[in-house]
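*Asks:* Quick one, final-v7.csv (CSV, N, CA and C atoms):
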chain,number,residue,atom,x,y,z
A,1,MET,N,-17.4,3.0,-7.4
A,1,MET,CA,-18.3,2.0,-7.1
A,1,MET,C,-19.6,2.3,-7.8
A,2,ALA,N,-19.9,1.6,-8.9
A,2,ALA,CA,-21.1,1.8,-9.7
A,2,ALA,C,-22.3,1.5,-8.9
A,3,GLY,N,-23.3,2.4,-9.0
A,3,GLY,CA,-24.6,2.2,-8.4
A,3,GLY,C,-24.6,2.4,-6.9
A,4,VAL,N,-23.5,2.9,-6.3
A,4,VAL,CA,-23.5,3.1,-4.8
A,4,VAL,C,-23.4,4.6,-4.6
A,5,LYS,N,-24.4,5.1,-3.8
A,5,LYS,CA,-24.4,6.6,-3.6
A,5,LYS,C,-23.2,7.0,-2.8
A,6,PHE,N,-22.7,8.2,-3.2
A,6,PHE,CA,-21.5,8.8,-2.5
A,6,PHE,C,-21.8,9.0,-1.0
A,7,SER,N,-20.8,8.8,-0.2
A,7,SER,CA,-20.9,9.0,1.2
A,7,SER,C,-19.7,9.6,1.7
A,8,ARG,N,-19.8,10.7,2.5
A,8,ARG,CA,-18.6,11.4,3.0
A,8,ARG,C,-17.9,10.5,4.1
A,9,GLN,N,-18.7,9.8,4.8
A,9,GLN,CA,-18.1,8.9,5.8
A,9,GLN,C,-17.3,7.7,5.1
A,10,ARG,N,-17.9,7.2,4.0
A,10,ARG,CA,-17.2,6.1,3.3
A,10,ARG,C,-15.9,6.7,2.7
A,11,GLN,N,-16.0,7.9,2.2
A,11,GLN,CA,-14.8,8.6,1.6
A,11,GLN,C,-13.7,8.8,2.7
A,12,ALA,N,-14.2,9.2,3.9
A,12,ALA,CA,-13.3,9.4,5.0
A,12,ALA,C,-12.6,8.1,5.4
A,13,ILE,N,-13.3,7.0,5.4
A,13,ILE,CA,-12.7,5.7,5.7
A,13,ILE,C,-11.7,5.3,4.6
A,14,MET,N,-12.0,5.5,3.4
A,14,MET,CA,-11.0,5.3,2.3
A,14,MET,C,-9.8,6.2,2.4
A,15,ASP,N,-10.0,7.4,2.7
A,15,ASP,CA,-8.9,8.4,2.9
A,15,ASP,C,-8.0,7.9,4.0
A,16,TYR,N,-8.6,7.5,5.1
A,16,TYR,CA,-7.8,7.1,6.3
A,16,TYR,C,-7.0,5.8,5.9
A,17,LEU,N,-7.6,4.8,5.3
A,17,LEU,CA,-7.0,3.6,4.9
A,17,LEU,C,-5.8,3.8,3.9
A,18,CYS,N,-6.0,4.7,3.0
A,18,CYS,CA,-5.0,5.0,2.0
A,18,CYS,C,-3.9,5.9,2.6
A,19,SER,N,-4.1,6.5,3.7
A,19,SER,CA,-3.1,7.4,4.3
A,19,SER,C,-2.1,6.6,5.3
A,20,THR,N,-2.4,5.4,5.6
A,20,THR,CA,-1.6,4.6,6.6
A,20,THR,C,-1.1,3.4,6.0
A,21,LYS,N,0.1,3.0,6.5
A,21,LYS,CA,0.7,1.7,6.1
A,21,LYS,C,0.3,0.6,7.1
A,22,GLU,N,-0.3,1.1,8.2
A,22,GLU,CA,-0.8,0.1,9.2
A,22,GLU,C,-2.0,-0.6,8.6
A,23,HIS,N,-2.4,-1.7,9.2
A,23,HIS,CA,-3.5,-2.5,8.8
A,23,HIS,C,-4.5,-2.5,9.9
A,24,PRO,N,-5.3,-1.4,10.1
A,24,PRO,CA,-6.1,-1.2,11.3
A,24,PRO,C,-7.3,-2.2,11.3
A,25,THR,N,-7.8,-2.4,12.6
A,25,THR,CA,-9.1,-3.0,12.8
A,25,THR,C,-10.2,-2.0,12.5
A,26,ALA,N,-11.4,-2.5,12.5
A,26,ALA,CA,-12.6,-1.6,12.3
A,26,ALA,C,-12.6,-0.6,13.4
A,27,GLU,N,-12.3,-1.0,14.6
A,27,GLU,CA,-12.4,-0.1,15.8
A,27,GLU,C,-11.4,1.0,15.6
A,28,THR,N,-10.2,0.7,15.1
A,28,THR,CA,-9.2,1.7,14.9
A,28,THR,C,-9.6,2.7,13.8
A,29,VAL,N,-10.2,2.2,12.7
A,29,VAL,CA,-10.7,3.0,11.6
A,29,VAL,C,-11.8,3.9,12.2
A,30,TYR,N,-12.7,3.4,13.0
A,30,TYR,CA,-13.8,4.1,13.7
A,30,TYR,C,-13.2,5.3,14.5
A,31,THR,N,-12.2,5.0,15.3
A,31,THR,CA,-11.6,6.0,16.2
A,31,THR,C,-11.0,7.1,15.3
A,32,ASN,N,-10.4,6.8,14.2
A,32,ASN,CA,-9.7,7.9,13.4
A,32,ASN,C,-10.8,8.6,12.6
A,33,VAL,N,-11.8,8.0,12.1
A,33,VAL,CA,-12.8,8.7,11.3
A,33,VAL,C,-13.6,9.6,12.2
A,34,ARG,N,-13.8,9.2,13.4
A,34,ARG,CA,-14.6,10.0,14.4
A,34,ARG,C,-13.9,11.4,14.6
A,35,LEU,N,-12.6,11.5,14.4
A,35,LEU,CA,-11.9,12.8,14.5
A,35,LEU,C,-12.5,13.8,13.6
A,36,HIS,N,-12.9,13.4,12.4
A,36,HIS,CA,-13.5,14.3,11.4
A,36,HIS,C,-15.0,14.2,11.4
A,37,TYR,N,-15.6,13.1,11.7
A,37,TYR,CA,-17.0,12.9,11.7
A,37,TYR,C,-17.5,12.4,13.1
A,38,PRO,N,-17.6,13.2,14.1
A,38,PRO,CA,-17.8,12.8,15.5
A,38,PRO,C,-19.1,12.0,15.6
A,39,ASN,N,-20.1,12.2,14.7
A,39,ASN,CA,-21.4,11.5,14.9
A,39,ASN,C,-21.4,10.1,14.1
A,40,VAL,N,-20.3,9.7,13.5
A,40,VAL,CA,-20.4,8.5,12.8
A,40,VAL,C,-20.5,7.3,13.8
A,41,SER,N,-21.2,6.3,13.4
A,41,SER,CA,-21.4,5.2,14.4
A,41,SER,C,-20.4,4.0,14.0
A,42,LEU,N,-20.2,3.2,14.9
A,42,LEU,CA,-19.3,2.0,14.7
A,42,LEU,C,-20.0,1.1,13.6
A,43,GLY,N,-21.3,1.0,13.7
A,43,GLY,CA,-22.1,0.2,12.7
A,43,GLY,C,-21.9,0.8,11.3
A,44,THR,N,-21.9,2.1,11.1
A,44,THR,CA,-21.7,2.7,9.8
A,44,THR,C,-20.3,2.4,9.3
A,45,VAL,N,-19.3,2.4,10.2
A,45,VAL,CA,-17.9,2.1,9.8
A,45,VAL,C,-17.9,0.6,9.3
A,46,TYR,N,-18.4,-0.3,10.1
A,46,TYR,CA,-18.5,-1.7,9.7
A,46,TYR,C,-19.1,-1.9,8.4
A,47,ARG,N,-20.3,-1.3,8.2
A,47,ARG,CA,-21.0,-1.5,6.9
A,47,ARG,C,-20.2,-1.0,5.8
A,48,ASN,N,-19.6,0.1,5.9
A,48,ASN,CA,-18.8,0.7,4.8
A,48,ASN,C,-17.5,-0.1,4.6
A,49,LEU,N,-16.9,-0.6,5.6
A,49,LEU,CA,-15.7,-1.5,5.4
A,49,LEU,C,-16.1,-2.7,4.6
A,50,ASN,N,-17.3,-3.3,5.0
A,50,ASN,CA,-17.7,-4.5,4.3
A,50,ASN,C,-18.0,-4.2,2.9
A,51,LEU,N,-18.7,-3.1,2.6
A,51,LEU,CA,-19.0,-2.7,1.2
A,51,LEU,C,-17.8,-2.5,0.4
A,52,LEU,N,-16.8,-1.7,1.0
A,52,LEU,CA,-15.6,-1.5,0.3
A,52,LEU,C,-14.8,-2.7,0.0
A,53,ALA,N,-14.8,-3.7,0.9
A,53,ALA,CA,-14.1,-4.9,0.7
A,53,ALA,C,-14.8,-5.8,-0.3
A,54,GLU,N,-16.1,-5.8,-0.3
A,54,GLU,CA,-16.9,-6.6,-1.3
A,54,GLU,C,-16.7,-6.0,-2.7
A,55,GLU,N,-16.5,-4.7,-2.8
A,55,GLU,CA,-16.4,-4.0,-4.1
A,55,GLU,C,-14.9,-4.1,-4.6
A,56,GLY,N,-14.0,-4.6,-3.7
A,56,GLY,CA,-12.6,-4.7,-4.1
A,56,GLY,C,-11.8,-3.4,-4.0
A,57,GLU,N,-12.4,-2.5,-3.3
A,57,GLU,CA,-11.7,-1.2,-3.1
A,57,GLU,C,-10.6,-1.2,-2.0
A,58,ILE,N,-10.8,-2.2,-1.1
A,58,ILE,CA,-9.9,-2.4,0.0
A,58,ILE,C,-9.7,-3.9,0.2
A,59,LEU,N,-8.7,-4.3,1.0
A,59,LEU,CA,-8.6,-5.7,1.4
A,59,LEU,C,-9.0,-5.9,2.8
A,60,ARG,N,-9.7,-7.0,3.0
A,60,ARG,CA,-9.9,-7.5,4.4
A,60,ARG,C,-9.0,-8.6,4.7
A,61,LEU,N,-8.2,-8.5,5.8
A,61,LEU,CA,-7.3,-9.5,6.2
A,61,LEU,C,-7.7,-10.2,7.4
A,62,THR,N,-7.9,-11.5,7.4
A,62,THR,CA,-8.2,-12.3,8.5
A,62,THR,C,-6.9,-12.9,9.0
A,63,CYS,N,-6.5,-12.5,10.2
A,63,CYS,CA,-5.2,-12.8,10.7
A,63,CYS,C,-5.2,-13.9,11.8
A,64,GLY,N,-6.4,-14.4,12.1
A,64,GLY,CA,-6.5,-15.5,13.1
A,64,GLY,C,-6.5,-15.0,14.5
A,65,ASP,N,-6.5,-13.7,14.7
A,65,ASP,CA,-6.6,-13.2,16.1
A,65,ASP,C,-8.0,-12.8,16.5
A,66,GLY,N,-9.0,-13.1,15.7
A,66,GLY,CA,-10.4,-12.8,16.0
A,66,GLY,C,-10.9,-11.5,15.5
A,67,SER,N,-10.0,-10.7,14.9
A,67,SER,CA,-10.5,-9.4,14.4
A,67,SER,C,-9.9,-9.3,13.0
A,68,ASP,N,-10.7,-8.7,12.1
A,68,ASP,CA,-10.2,-8.5,10.7
A,68,ASP,C,-9.4,-7.2,10.7
A,69,ARG,N,-8.5,-7.1,9.8
A,69,ARG,CA,-7.7,-5.9,9.6
A,69,ARG,C,-8.0,-5.5,8.1
A,70,PHE,N,-7.8,-4.2,7.9
A,70,PHE,CA,-8.1,-3.6,6.6
A,70,PHE,C,-6.9,-2.9,6.0
A,71,ASP,N,-6.8,-3.0,4.6
A,71,ASP,CA,-5.7,-2.5,3.9
A,71,ASP,C,-6.3,-1.6,2.7
A,72,GLY,N,-5.8,-0.4,2.7
A,72,GLY,CA,-6.3,0.5,1.6
A,72,GLY,C,-5.7,0.2,0.2
A,73,ASN,N,-4.7,-0.7,0.2
A,73,ASN,CA,-4.1,-1.1,-1.1
A,73,ASN,C,-4.7,-2.4,-1.5
A,74,PRO,N,-5.6,-2.4,-2.5
A,74,PRO,CA,-6.2,-3.7,-2.9
A,74,PRO,C,-5.4,-4.5,-3.9
A,75,LYS,N,-4.3,-3.9,-4.4
A,75,LYS,CA,-3.5,-4.7,-5.3
A,75,LYS,C,-2.9,-5.9,-4.6
A,76,PRO,N,-2.7,-7.0,-5.4
A,76,PRO,CA,-2.1,-8.2,-4.8
A,76,PRO,C,-0.8,-8.0,-4.2
A,77,HIS,N,-0.6,-8.3,-2.9
A,77,HIS,CA,0.7,-8.3,-2.2
A,77,HIS,C,0.6,-9.1,-1.0
A,78,TYR,N,1.7,-9.3,-0.3
A,78,TYR,CA,1.7,-10.3,0.8
A,78,TYR,C,1.9,-9.5,2.1
A,79,HIS,N,1.5,-10.2,3.2
A,79,HIS,CA,1.5,-9.6,4.5
A,79,HIS,C,2.3,-10.4,5.5
A,80,PHE,N,2.7,-9.8,6.6
A,80,PHE,CA,3.5,-10.4,7.7
A,80,PHE,C,2.8,-10.0,9.0
A,81,LEU,N,2.5,-11.0,9.8
A,81,LEU,CA,1.9,-10.8,11.1
A,81,LEU,C,2.9,-11.1,12.2
A,82,CYS,N,3.2,-10.1,13.0
A,82,CYS,CA,4.2,-10.3,14.1
A,82,CYS,C,3.6,-11.0,15.2
A,83,ASN,N,4.2,-12.1,15.6
A,83,ASN,CA,3.7,-12.9,16.7
A,83,ASN,C,3.9,-12.2,18.1
A,84,GLY,N,4.8,-11.1,18.1
A,84,GLY,CA,5.1,-10.4,19.3
A,84,GLY,C,4.1,-9.3,19.5
A,85,CYS,N,4.1,-8.3,18.6
A,85,CYS,CA,3.2,-7.1,18.8
A,85,CYS,C,1.9,-7.1,18.0
A,86,GLN,N,1.7,-8.1,17.2
A,86,GLN,CA,0.5,-8.3,16.4
A,86,GLN,C,0.3,-7.3,15.3
A,87,ARG,N,1.4,-6.6,15.0
A,87,ARG,CA,1.3,-5.7,13.8
A,87,ARG,C,1.3,-6.5,12.5
A,88,VAL,N,0.6,-5.9,11.5
A,88,VAL,CA,0.5,-6.5,10.2
A,88,VAL,C,1.3,-5.5,9.3
A,89,LEU,N,2.3,-6.1,8.6
A,89,LEU,CA,3.1,-5.3,7.7
A,89,LEU,C,3.0,-5.8,6.3
A,90,ASP,N,3.2,-4.9,5.3
A,90,ASP,CA,3.3,-5.3,3.9
A,90,ASP,C,4.7,-5.9,3.7
A,91,LEU,N,4.8,-6.9,2.8
A,91,LEU,CA,6.1,-7.5,2.4
A,91,LEU,C,6.4,-7.1,1.0
A,92,ALA,N,7.6,-6.6,0.7
A,92,ALA,CA,8.0,-6.2,-0.6
A,92,ALA,C,8.6,-7.5,-1.2
A,93,MET,N,7.9,-8.2,-2.1
A,93,MET,CA,8.5,-9.4,-2.7
A,93,MET,C,7.8,-9.7,-4.0
A,94,GLU,N,8.4,-10.5,-4.8
A,94,GLU,CA,7.8,-10.9,-6.0
A,94,GLU,C,6.6,-11.8,-5.8
A,95,PRO,N,5.6,-11.8,-6.7
A,95,PRO,CA,4.4,-12.6,-6.5
A,95,PRO,C,4.8,-14.1,-6.5
A,96,LEU,N,4.1,-14.9,-5.8
A,96,LEU,CA,4.3,-16.4,-5.7
A,96,LEU,C,3.2,-17.1,-6.6
A,97,ASN,N,3.0,-16.6,-7.8
A,97,ASN,CA,1.9,-17.2,-8.6
A,97,ASN,C,2.1,-18.6,-9.0
A,98,HIS,N,3.4,-19.1,-8.9
A,98,HIS,CA,3.6,-20.5,-9.2
A,98,HIS,C,3.0,-21.4,-8.2
A,99,ILE,N,2.7,-21.0,-7.0
A,99,ILE,CA,2.0,-21.9,-6.1
A,99,ILE,C,0.6,-22.2,-6.5
A,100,ASP,N,0.0,-21.4,-7.3
A,100,ASP,CA,-1.3,-21.8,-7.8
A,100,ASP,C,-1.2,-23.0,-8.7
A,101,ILE,N,-0.1,-23.0,-9.5
A,101,ILE,CA,0.1,-24.2,-10.4
A,101,ILE,C,0.4,-25.4,-9.6
A,102,LEU,N,1.3,-25.3,-8.6
A,102,LEU,CA,1.6,-26.4,-7.7
A,102,LEU,C,0.4,-26.9,-7.0
A,103,ALA,N,-0.5,-26.1,-6.5
A,103,ALA,CA,-1.7,-26.5,-5.8
A,103,ALA,C,-2.6,-27.2,-6.8
A,104,ALA,N,-2.8,-26.7,-8.0
A,104,ALA,CA,-3.7,-27.2,-9.0
A,104,ALA,C,-3.3,-28.6,-9.4
A,105,ALA,N,-2.0,-28.9,-9.4
A,105,ALA,CA,-1.5,-30.2,-9.9
A,105,ALA,C,-2.1,-31.4,-9.1
A,106,GLY,N,-2.4,-31.2,-7.8
A,106,GLY,CA,-2.9,-32.3,-7.0
A,106,GLY,C,-4.3,-32.0,-6.6
A,107,PHE,N,-5.1,-31.2,-7.4
A,107,PHE,CA,-6.4,-30.8,-7.0
A,107,PHE,C,-7.3,-30.9,-8.2
A,108,ASP,N,-8.5,-31.5,-8.0
A,108,ASP,CA,-9.4,-31.7,-9.1
A,108,ASP,C,-10.3,-30.5,-9.4
A,109,GLY,N,-10.2,-29.5,-8.5
A,109,GLY,CA,-11.1,-28.3,-8.7
A,109,GLY,C,-10.3,-27.3,-9.5
A,110,ILE,N,-10.7,-26.0,-9.3
A,110,ILE,CA,-10.1,-24.9,-10.0
A,110,ILE,C,-9.5,-23.9,-9.0
A,111,ILE,N,-8.2,-23.7,-9.1
A,111,ILE,CA,-7.5,-22.7,-8.2
A,111,ILE,C,-7.7,-21.4,-8.9
A,112,GLU,N,-8.2,-20.4,-8.1
A,112,GLU,CA,-8.5,-19.1,-8.6
A,112,GLU,C,-7.5,-18.0,-8.0
A,113,GLY,N,-6.7,-18.4,-7.1
A,113,GLY,CA,-5.8,-17.5,-6.4
A,113,GLY,C,-5.4,-18.0,-5.1
A,114,HIS,N,-4.7,-17.2,-4.4
A,114,HIS,CA,-4.2,-17.6,-3.1
A,114,HIS,C,-4.0,-16.4,-2.1
A,115,THR,N,-4.0,-16.7,-0.9
A,115,THR,CA,-3.7,-15.7,0.2
A,115,THR,C,-2.6,-16.3,1.0
A,116,VAL,N,-1.5,-15.5,1.3
A,116,VAL,CA,-0.4,-15.9,2.1
A,116,VAL,C,-0.2,-14.9,3.2
A,117,LEU,N,-0.1,-15.4,4.4
A,117,LEU,CA,0.2,-14.6,5.6
A,117,LEU,C,1.4,-15.2,6.3
A,118,PHE,N,2.5,-14.4,6.3
A,118,PHE,CA,3.7,-14.9,6.9
A,118,PHE,C,3.7,-14.5,8.4
A,119,HIS,N,4.3,-15.3,9.2
A,119,HIS,CA,4.3,-15.1,10.7
A,119,HIS,C,5.7,-15.0,11.2
A,120,GLY,N,6.0,-14.4,12.3
A,120,GLY,CA,7.3,-14.3,12.9
A,120,GLY,C,7.4,-13.1,13.8
A,121,LYS,N,8.6,-12.6,13.9
A,121,LYS,CA,8.9,-11.4,14.7
A,121,LYS,C,9.3,-10.2,13.8
A,122,CYS,N,8.7,-9.1,14.0
A,122,CYS,CA,9.0,-7.9,13.2
A,122,CYS,C,10.4,-7.4,13.6
A,123,PRO,N,10.9,-6.4,12.9
A,123,PRO,CA,12.3,-5.9,13.3
A,123,PRO,C,12.3,-5.3,14.7
A,124,ASP,N,11.2,-4.7,15.1
A,124,ASP,CA,11.2,-4.1,16.5
A,124,ASP,C,11.2,-5.2,17.6
A,125,CYS,N,10.4,-6.3,17.4
A,125,CYS,CA,10.3,-7.3,18.4
A,125,CYS,C,11.5,-8.2,18.3
A,126,LYS,N,12.2,-8.3,17.2
A,126,LYS,CA,13.4,-9.1,17.0
A,126,LYS,C,14.5,-8.6,17.9
A,127,LYS,N,14.5,-7.3,18.2
A,127,LYS,CA,15.6,-6.7,19.1
A,127,LYS,C,15.7,-7.2,20.5
Let me see the file written as structure tokens.
*Replies:*
Amino acid sequence: MAGVKFSRQRQAIMDYLCSTKEHPTAETVYTNVRLHYPNVSLGTVYRNLNLLAEEGEILRLTCGDGSDRFDGNPKPHYHFLCNGCQRVLDLAMEPLNHIDILAAAGFDGIIEGHTVLFHGKCPDCKK
């Protein structure tokens, strides 16, 4: 991140997000980062998550449940939200780039990308 001073807390946030396949809330990130930095504040975690998301280092996922989730993998990929346990999972699938073309066909503006969130029951809740 050009022009941004290094921060141990920010690095700890990145390390945690890159170490998990979960898509934690800011509060979960805070709880885990506090294990290594007990004096870190929730506000510091929120500010750093916002900065990392704005810089494209992480993804912010808005899942419609009132809280954002964060993903340490900023590369384009799709997510699944379980209607049962509310877990967010990565989906291994081919990109759906053709939907940009379909959307653009009936739209007079410019389509610059898309976000897709699938809903249903995860394998655990399906049982």
*Asks:* So the first atom is atom N of Pro74 in chain A and the second is CA of Glu57 in chain A; what is the distance between them in Å, to one decimal place?
*Replies:*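 Those two atoms sit 6.2 Å apart.
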*Asks:* For Phe80 in chain A, which residue out of A:Val116, A:Val29, A:Ala12, A:Cys125 is the nearest one, using all atoms listed in the file?
*Replies:*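 Looking only at the distances to Phe80 in chain A, the closest residue turns out to be A:Val116.
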*Asks:* Would you mind writing down, as a PyMOL selection string, each residue of chain A that DSSP on the backbone assigns to helix (DSSP H, G or I)?
*Replies:* chain A and resi 8-19+26-33+42-54+98-105+123-126
*Asks:* At a cut-off of 8 Å, using only N, CA and C atoms, what residues contact range 59-65 of chain A? Leave out same-chain residues fewer than 6 positions from it and give the result as a count of residues only.
*Replies:* 10
*Asks:* For each of A:Cys18, A:Glu94, A:Asp108, A:Ile13, take the minimum atom-to-atom distance to Tyr30 in chain A, counting all atoms listed in the file, then give the residue where this is smallest.
*Replies:*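 Closest candidate: A:Ile13.
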*Asks:* Pull the strand (DSSP E) assignments for range 30-70 of chain A out of DSSP run on the backbone, and list those residues as a PyMOL selection string.
*Replies:* chain A and resi 59-62+68-70
*Asks:* If you measure from atom C of Gly109 in chain A to CA of Leu96 in chain A, what distance in Å do you get, rounded to one decimal?
*Replies:*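 About the pair atom C of Gly109 in chain A and CA of Leu96 in chain A: they are 18.6 Å apart.
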*Asks:* Excluding Lys21 in chain A and residues on its chain fewer than 3 positions from it, collect all residues at most 12 Å away from it, counting only C-alpha atoms, and give them as a PyMOL selection string.
*Replies:* chain A and resi 16-18+24+69-73+79+87-91
